[in-house]
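Scroll down for the structure; my scribbles are underneath it.
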Amino acid sequence: MSFPIFPDKYKLPSIVTAERMVEFRRAQAGLQDQPAPHGVVLCLYNGVIKRFGWRYRSRRITSFQCDLYLLKRTNVGVAGNFGMGAPATVALAEQMIAWGARRLVILSMAGGLQPGLQPGDVVLGDRAIRDEGTSYHYLPPARDAQASPSLVTSIKQALDARGVSHAAGAIWSTDGAYRESREEADYFRGQGVQAVDMESAGLFALGQVKGVETASLFAVGQNLAQPLGAVRVDMRALHQRFKLLLQVLIDVLSESQA
């Protein structure tokens with residue numbers, strides 16, 4: 001059986017659209033004439049979202065099913081607490097795009113696949129292996145979905161400018177968070193894939209279809225090339241790493257509007 005089950009599903013028009021949902025949010029959910037952010041960080045690490053409103057001069061937008069903050073003096077949004085996985089991420093990204101956003105970046109924790117990656121190391125995703133379902137509703141079947149080269153380059157340059165060492169390359173995106181097998185991890189490691197997540201392939205596919213820029217940036221949690229628990233994860237240091245990466249992305253998305 002092919003997937004999706006209906007042939008060439010990606011070519012068919014949608015019954016419910018994100019544009020109609022944004023119209024509803026303008027009329028009924030308090031969005032009104034609030035202008036959209038040009039760029040949005042889709043933050044799956046909740047540690048930086050908990051106190052975001054205290055740390056950053058921002059306005060909280062309550063019209064979406066997430067915690068969404070618009071930074072003052074720059075047209076950048078940061079969203080969190082919208083769930084996990086490609087379906088939740090892409091559903092929110094669809095609405096951000098329908099609202100007017102043109103650049104979207106995932107910020108998340110990932111499982112490392114290459115032996116040299118340690119907890120807290122940084123990985124920049126420039127393409128994603130489509131081992132999930134969402135991307136197949138947007139694009140014809142293929143192995144990879146591509147991030148936006150210009151946005152990846154901008155993030156890379158910002159990391160380099162701050163002296164943040166990082167690996168760049170492919171991400172393995174899978175829906176089965178608790179079904180990652182040793183055999184798969186070994187296979188993708190041998191293919192040179194840097195890390196595993198659940199969302200990048202879906203977001204990259206959406207970006208290709210909608211003509212917006214996308215990328216993903218990660219701090220490594222566990223390394224799947226090693227026995228789990230073999231290396232202690234310093235959560236305080238990992239939290240500090242995410243604070244730095246968030247600021248890098250805010251700077252990149254702010255500069256893109258100059």
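Starting from 1 in every chain, residues are counted up; chains themselves are A, B, ... following the order of the structure tokens, and ligands are numbered from 1 as listed.
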
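The residue set within 7 Å of Ile106 (chain A), counting only C-alpha atoms and dropping same-chain residues fewer than 3 places from it, reads A:Val41, A:Leu42, A:Cys43, A:Ala215, A:Ser216, A:Leu217.
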
Env of region 86-93 of chain A: 9 Å cut, atoms = only C-alpha atoms, seq-sep filter 6 positions within chain, self excluded. Answer as a VMD selection string. chain A and resid 18 40 42 64 to 66 101 104 106 132 to 135 173 to 175 198 to 203 206

Output C-alpha atoms for every residue in that selection, as an mmCIF file, in the first residue's frame.
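Saved file out39.cif follows:
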data_model
loop_
_atom_site.group_PDB
_atom_site.id
_atom_site.type_symbol
_atom_site.label_atom_id
_atom_site.label_comp_id
_atom_site.auth_asym_id
_atom_site.auth_seq_id
_atom_site.Cartn_x
_atom_site.Cartn_y
_atom_site.Cartn_z
ATOM 1 C CA ALA A 18 -4.874 27.896 7.129
ATOM 2 C CA VAL A 40 9.147 32.886 13.579
ATOM 3 C CA LEU A 42 9.261 27.387 16.441
ATOM 4 C CA PHE A 64 -3.266 30.804 18.488
ATOM 5 C CA GLN A 65 -3.145 27.463 20.279
ATOM 6 C CA CYS A 66 0.372 28.037 21.587
ATOM 7 C CA ALA A 101 5.457 34.992 8.090
ATOM 8 C CA LEU A 104 10.459 29.772 10.005
ATOM 9 C CA ILE A 106 12.782 25.017 14.369
ATOM 10 C CA GLU A 132 7.483 10.695 8.817
ATOM 11 C CA GLY A 133 4.044 11.174 7.303
ATOM 12 C CA THR A 134 3.283 14.876 7.089
ATOM 13 C CA SER A 135 5.680 15.755 4.267
ATOM 14 C CA SER A 173 12.843 12.936 10.813
ATOM 15 C CA THR A 174 10.650 10.167 12.193
ATOM 16 C CA ASP A 175 7.173 10.043 13.715
ATOM 17 C CA MET A 198 10.416 14.530 14.445
ATOM 18 C CA GLU A 199 9.648 17.815 12.691
ATOM 19 C CA SER A 200 12.215 19.032 10.149
ATOM 20 C CA ALA A 201 11.033 17.053 7.121
ATOM 21 C CA GLY A 202 7.465 18.281 7.526
ATOM 22 C CA LEU A 203 8.492 21.925 7.906
ATOM 23 C CA LEU A 206 5.807 22.961 3.718
#

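Nearest-residue note for Ser63 (chain A): choosing from A:Ala145, A:Leu245, A:Ala29, A:Ala36, the minimum distance belongs to A:Ala29, counting only C-alpha atoms.
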
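Of the residues listed (A:Glu213, A:Tyr138, A:Gln240, A:His166), A:Tyr138 shows the shortest atom-to-atom separation from Ser14 (chain A); distances use only C-alpha atoms.
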
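Of the listed residues (A:Ile155, A:Ser148, A:Phe204, A:Phe188), A:Ile155 comes nearest to Asp251 (chain A); the distances count only C-alpha atoms.
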
Report as a PyMOL selection string all protein, DNA and RNA residues lying within 10 Å of Val78 (chain A), evaluated on only C-alpha atoms, omitting residues in the same chain fewer than 6 positions from it. chain A and resi 37+39-43+49+52+58+60+67-71+104-105+107+246+249-250

File dump, residues just selected, N, CA and C atoms, as a compact mmCIF listing (two decimals), in the first residue's frame:
# COMPACT_ATOMS: atom_id res chain seq x y z
N PRO A 37 4.54 38.53 12.23
CA PRO A 37 6.00 38.59 12.26
C PRO A 37 6.57 38.14 10.93
N GLY A 39 9.55 36.70 10.65
CA GLY A 39 10.18 35.42 10.94
C GLY A 39 9.69 34.87 12.27
N VAL A 40 9.64 33.54 12.37
CA VAL A 40 9.15 32.89 13.58
C VAL A 40 10.10 31.77 13.98
N VAL A 41 10.47 31.74 15.26
CA VAL A 41 11.20 30.61 15.83
C VAL A 41 10.16 29.66 16.42
N LEU A 42 10.15 28.43 15.93
CA LEU A 42 9.26 27.39 16.44
C LEU A 42 10.05 26.61 17.48
N CYS A 43 9.89 26.97 18.74
CA CYS A 43 10.75 26.47 19.80
C CYS A 43 10.11 25.27 20.50
N ILE A 49 10.86 28.96 26.93
CA ILE A 49 9.55 29.57 26.76
C ILE A 49 8.94 29.92 28.12
N PHE A 52 10.00 33.40 28.96
CA PHE A 52 10.32 34.25 27.81
C PHE A 52 9.83 35.67 28.03
N SER A 58 8.46 41.92 24.94
CA SER A 58 7.62 41.28 23.93
C SER A 58 6.16 41.43 24.29
N ARG A 60 2.60 39.19 24.20
CA ARG A 60 2.07 37.85 24.04
C ARG A 60 0.79 37.89 23.21
N ASP A 67 1.92 29.28 22.96
CA ASP A 67 2.46 30.50 23.55
C ASP A 67 3.24 31.22 22.45
N LEU A 68 2.75 32.38 22.04
CA LEU A 68 3.36 33.13 20.95
C LEU A 68 3.69 34.53 21.44
N TYR A 69 4.95 34.91 21.26
CA TYR A 69 5.42 36.23 21.66
C TYR A 69 5.96 36.98 20.45
N LEU A 70 5.59 38.24 20.32
CA LEU A 70 6.15 39.12 19.30
C LEU A 70 7.13 40.07 19.99
N LEU A 71 8.37 40.01 19.56
CA LEU A 71 9.39 40.85 20.16
C LEU A 71 9.19 42.31 19.78
N LEU A 104 10.79 30.58 8.84
CA LEU A 104 10.46 29.77 10.00
C LEU A 104 11.61 28.83 10.31
N VAL A 105 12.00 28.81 11.59
CA VAL A 105 13.12 27.98 12.02
C VAL A 105 12.71 27.17 13.25
N LEU A 107 13.73 25.30 16.59
CA LEU A 107 14.76 25.23 17.62
C LEU A 107 14.37 24.11 18.57
N LEU A 246 18.71 30.53 20.82
CA LEU A 246 17.52 31.34 20.59
C LEU A 246 17.91 32.76 20.22
N LEU A 249 19.08 32.95 16.63
CA LEU A 249 17.98 32.91 15.66
C LEU A 249 17.20 34.22 15.64
N ILE A 250 16.99 34.82 16.79
CA ILE A 250 16.31 36.11 16.83
C ILE A 250 17.12 37.15 16.05

So that I can check the secondary structure, give me every residue of region 26-92 of chain A assigned strand (DSSP E or B) by backbone DSSP, as a PyMOL selection string. chain A and resi 39-43+58-61+67-71+76-80

Output for the residues just chosen: N, CA and C atoms as a short mmCIF file (atom, residue, chain, number, x, y, z; two decimals), in the first residue's frame:
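Generated file (again-v9.cif):
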data_model
loop_
_atom_site.label_atom_id
_atom_site.label_comp_id
_atom_site.auth_asym_id
_atom_site.auth_seq_id
_atom_site.Cartn_x
_atom_site.Cartn_y
_atom_site.Cartn_z
N GLY A 39 9.55 36.70 10.65
CA GLY A 39 10.18 35.42 10.94
C GLY A 39 9.69 34.87 12.27
N VAL A 40 9.64 33.54 12.37
CA VAL A 40 9.15 32.89 13.58
C VAL A 40 10.10 31.77 13.98
N VAL A 41 10.47 31.74 15.26
CA VAL A 41 11.20 30.61 15.83
C VAL A 41 10.16 29.66 16.42
N LEU A 42 10.15 28.43 15.93
CA LEU A 42 9.26 27.39 16.44
C LEU A 42 10.05 26.61 17.48
N CYS A 43 9.89 26.97 18.74
CA CYS A 43 10.75 26.47 19.80
C CYS A 43 10.11 25.27 20.50
N SER A 58 8.46 41.92 24.94
CA SER A 58 7.62 41.28 23.93
C SER A 58 6.16 41.43 24.29
N ARG A 59 5.34 41.14 23.30
CA ARG A 59 3.89 41.12 23.49
C ARG A 59 3.39 39.71 23.27
N ARG A 60 2.60 39.19 24.20
CA ARG A 60 2.07 37.85 24.04
C ARG A 60 0.79 37.89 23.21
N ILE A 61 0.72 37.02 22.21
CA ILE A 61 -0.44 36.90 21.34
C ILE A 61 -1.20 35.63 21.76
N ASP A 67 1.92 29.28 22.96
CA ASP A 67 2.46 30.50 23.55
C ASP A 67 3.24 31.22 22.45
N LEU A 68 2.75 32.38 22.04
CA LEU A 68 3.36 33.13 20.95
C LEU A 68 3.69 34.53 21.44
N TYR A 69 4.95 34.91 21.26
CA TYR A 69 5.42 36.23 21.66
C TYR A 69 5.96 36.98 20.45
N LEU A 70 5.59 38.24 20.32
CA LEU A 70 6.15 39.12 19.30
C LEU A 70 7.13 40.07 19.99
N LEU A 71 8.37 40.01 19.56
CA LEU A 71 9.39 40.85 20.16
C LEU A 71 9.19 42.31 19.78
N VAL A 76 9.86 39.83 14.87
CA VAL A 76 10.18 38.42 15.04
C VAL A 76 9.24 37.83 16.08
N GLY A 77 8.74 36.63 15.80
CA GLY A 77 7.91 35.91 16.74
C GLY A 77 8.61 34.67 17.26
N VAL A 78 8.28 34.29 18.49
CA VAL A 78 8.79 33.05 19.09
C VAL A 78 7.59 32.28 19.62
N ALA A 79 7.42 31.05 19.13
CA ALA A 79 6.26 30.23 19.52
C ALA A 79 6.73 28.99 20.25
N GLY A 80 5.98 28.60 21.28
CA GLY A 80 6.28 27.38 22.02
C GLY A 80 5.01 26.76 22.55
#

Alpha helix (DSSP H) per DSSP on the backbone: members of region 147-258 of chain A, as a count of residues only: 54

Ser2 (chain A) surroundings by only C-alpha atoms, 12 Å radius, close-in-sequence under 2 positions cut, as a ChimeraX atom specification: /A:4-9,133,136,140-141

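Residue nearest Gln226 (chain A), chosen from A:Gly207, A:Gly83, A:Pro119, A:Gly53 and counting only C-alpha atoms: A:Pro119.
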
Of the listed residues A:Arg20, A:Gly30, A:Ala128, A:Arg182, that which approaches Ala205 (chain A) most closely, counting only C-alpha atoms: A:Ala128

Leaving out Ala170 (chain A) and any residue of its chain fewer than 3 positions from it, which residues lie within 6 Å of it when counting only C-alpha atoms, given as a PyMOL selection string? chain A and resi 125-128+193-194

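Atom pair CA of Gly120 (chain A) / CA of Lys156 (chain A): separated by 16.8 Å.
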
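Our summary of the geometry notes that CA of Ser165 (chain A) is positioned 11.4 Å from CA of Ala219 (chain A).
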